[in-house]
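Notes for the one structure printed next.
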Amino acid sequence: MQNISTGCIYGEPASREDIEVLEKLFSIQIPKELRSLLYETNGINDSYGYSLIWSIEKITRENLNLGERLEDVYLPFNNLLFFADARNGDMFGYSISDRSIKQNDIYLWNHRNNEQTQIAPSLNDFVEDWIRGKLSI
């Protein structure tokens, strides 16, 4: 991933224990591509310090807090595992079905209308397009 942009700030690699805690907390298995990214870098920030890909700590915090804040507005709200946001309230994540992530597709959740749109076929495609500014939200 670090060859995508030299202007990004990459976190220290996540530990196996950190990933296991995340998986236990949400009762899911993290997709291999996200697991590999987190082992390489526990989050990616742009040169201004804004999170392009969240760290495990932020993934945990945002998914827990969001579920609590929005469960009365958007039911059910446990069908996506978010790992990044678009700075406008919209977020990016994997679809969860039957308590597992079965596909590598990345979805955009629109906070204004609760719509979910598939925007990339894989995390690698998403990261490349997101960091290079090719995604239009």
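Residue numbers start at 1 in each chain; chains themselves are named A, B, ... in the order of the structure tokens; ligands are numbered from 1 in the order shown.
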
Exercise for review: Can you pull out every residue within 6 Å of range 96-101 of chain A, counting only C-alpha atoms, but drop anything in the same chain fewer than 4 positions away, and send it as JSON, numbers by chain?
Suggested key: {"A": [28, 79, 80]}

Just write the chosen residues, N, CA, C and O atoms, as a PDB file, in the first residue's frame.
```pdb
ATOM      1  N   ILE A  28     -17.279 -11.205  14.072  1.00  0.00           N
ATOM      2  CA  ILE A  28     -17.101 -11.435  12.640  1.00  0.00           C
ATOM      3  C   ILE A  28     -15.644 -11.768  12.376  1.00  0.00           C
ATOM      4  O   ILE A  28     -14.770 -11.505  13.202  1.00  0.00           O
ATOM      5  N   ASN A  79     -25.386  -3.930   9.663  1.00  0.00           N
ATOM      6  CA  ASN A  79     -25.110  -4.656   8.424  1.00  0.00           C
ATOM      7  C   ASN A  79     -23.885  -4.153   7.673  1.00  0.00           C
ATOM      8  O   ASN A  79     -23.615  -4.604   6.579  1.00  0.00           O
ATOM      9  N   LEU A  80     -23.139  -3.220   8.261  1.00  0.00           N
ATOM     10  CA  LEU A  80     -21.893  -2.754   7.652  1.00  0.00           C
ATOM     11  C   LEU A  80     -20.817  -2.625   8.724  1.00  0.00           C
ATOM     12  O   LEU A  80     -21.112  -2.224   9.855  1.00  0.00           O
TER      13      LEU A  80
END
```

Exercise for review: Pick out the residues sitting within 10 Å of Leu37 in chain A, and hand them over as a VMD selection string; count only C-alpha atoms, and ignore anything fewer than 3 positions along from it in its own chain.
Suggested key: chain A and resid 1 13 to 14 32 to 34 40 to 44 53 123 to 124

Practice item. Would you kindly return, as a ChimeraX atom specification, each protein, DNA or RNA residue with an atom no farther than 10 Å from any atom of Gly89 in chain A, considering only C-alpha atoms and excluding same-chain residues fewer than 3 positions away? Key: /A:85-86,109-112

Review point. Range 5-80 of chain A: which residues are helix (DSSP H, G or I) by DSSP, as a PyMOL selection string?
Key: chain A and resi 16-26+32-40+56-70

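Rounded to one decimal, CA of Asn45 in chain A and CA of Gln116 in chain A lie 24.3 Å from each other.
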
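Distance annotation: of A:Leu64, A:Leu38, A:Leu135, A:Met91, the residue with the minimal separation from Glu20 in chain A is A:Leu38; atom set is only C-alpha atoms.
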
**Study point:** Exercise: Leu81 in chain A partners within 9 Å, only C-alpha atoms, chain neighbours under 5 positions left out, as a list of chain:residue names
**Key:** A:Phe26, A:Ile59, A:Asn63, A:Phe92, A:Gly93, A:Tyr94, A:Ser95, A:Ile96, A:Ile101

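You will find CA of Asn113 in chain A at 29.4 Å from CA of Tyr48 in chain A.
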
Exercise for review: Determine the nearest neighbour of Ser47 in chain A from the options A:Gly7, A:Asp18, A:Gln118, A:Asp125, counting only C-alpha atoms.
Suggested key: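 Of A:Gly7, A:Asp18, A:Gln118, A:Asp125, the one nearest Ser47 in chain A, counting only C-alpha atoms, is A:Gly7.
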
Point to revise | Distance of CA of Phe82 in chain A from CA of Glu62 in chain A, expressed in Å to one decimal place | key: 7.7 Å

Practice item. Enumerate, as a list in words, the complete set of residues in chain A that a backbone-based DSSP assignment places in strand (DSSP E). Key: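 Filtering chain A down to strand (DSSP E) leaves Ile9, Tyr10, Ile44, Asn45, Ser51, Leu52, Ile53, Leu80, Leu81, Phe82, Phe83, Ala84, Asp85, Met91, Phe92, Gly93, Tyr94, Ser95, Ile106, Tyr107, Leu108, Trp109, Gln116, Thr117, Gln118, Ile119 and Ala120 of chain A.
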